[in-house]
Amino acid sequence: MVLTSGMLRMPFYVTQEAADLFAAAPGATAPRAGSLLGTLTPNFDYVPGAATPPSFPTFP
């Protein structure tokens with residue numbers, strides 16, 4: 001985890017399986033397994049199960 005400017009960022013790394021998949025594509029250069037793929041800032045406002053189900057329109 002990386003904390004930048006008050007925002008939590010979760011790193012994602014390339015797995016060996018993903019690197020092998022890239023290497024299998026013709027003309028592709030595979031990333032090194034373990035290299036950083038990117039980061040994601042999670043939304044901590046989301047609480048599973050706490051949302052109300054969508055309502056369906058009804059006829060008057």
# chains A, B, ... in the order shown; residues from 1 in each chain; ligands from 1
$ residues_around --residues "region 23-37 of chain A" --least-positions-apart "5" --cutoff "7 Å" --atoms "only C-alpha atoms" --output "list of chain:residue names"
A:Phe12, A:Tyr13, A:Val14, A:Thr15, A:Gln16
$ write_last_selection --atoms "N, CA and C atoms" --output "CSV table (one decimal), in the first residue's frame"
chain,number,residue,atom,x,y,z
A,12,PHE,N,-0.7,-3.2,-8.0
A,12,PHE,CA,-0.9,-4.5,-8.7
A,12,PHE,C,0.3,-4.9,-9.5
A,13,TYR,N,0.7,-6.1,-9.4
A,13,TYR,CA,1.9,-6.6,-10.1
A,13,TYR,C,1.6,-7.6,-11.1
A,14,VAL,N,2.5,-7.8,-12.1
A,14,VAL,CA,2.4,-8.8,-13.2
A,14,VAL,C,2.7,-10.1,-12.6
A,15,THR,N,1.9,-11.1,-12.8
A,15,THR,CA,2.2,-12.5,-12.3
A,15,THR,C,2.9,-13.2,-13.5
A,16,GLN,N,3.5,-14.3,-13.1
A,16,GLN,CA,4.2,-15.1,-14.1
A,16,GLN,C,3.2,-15.6,-15.2
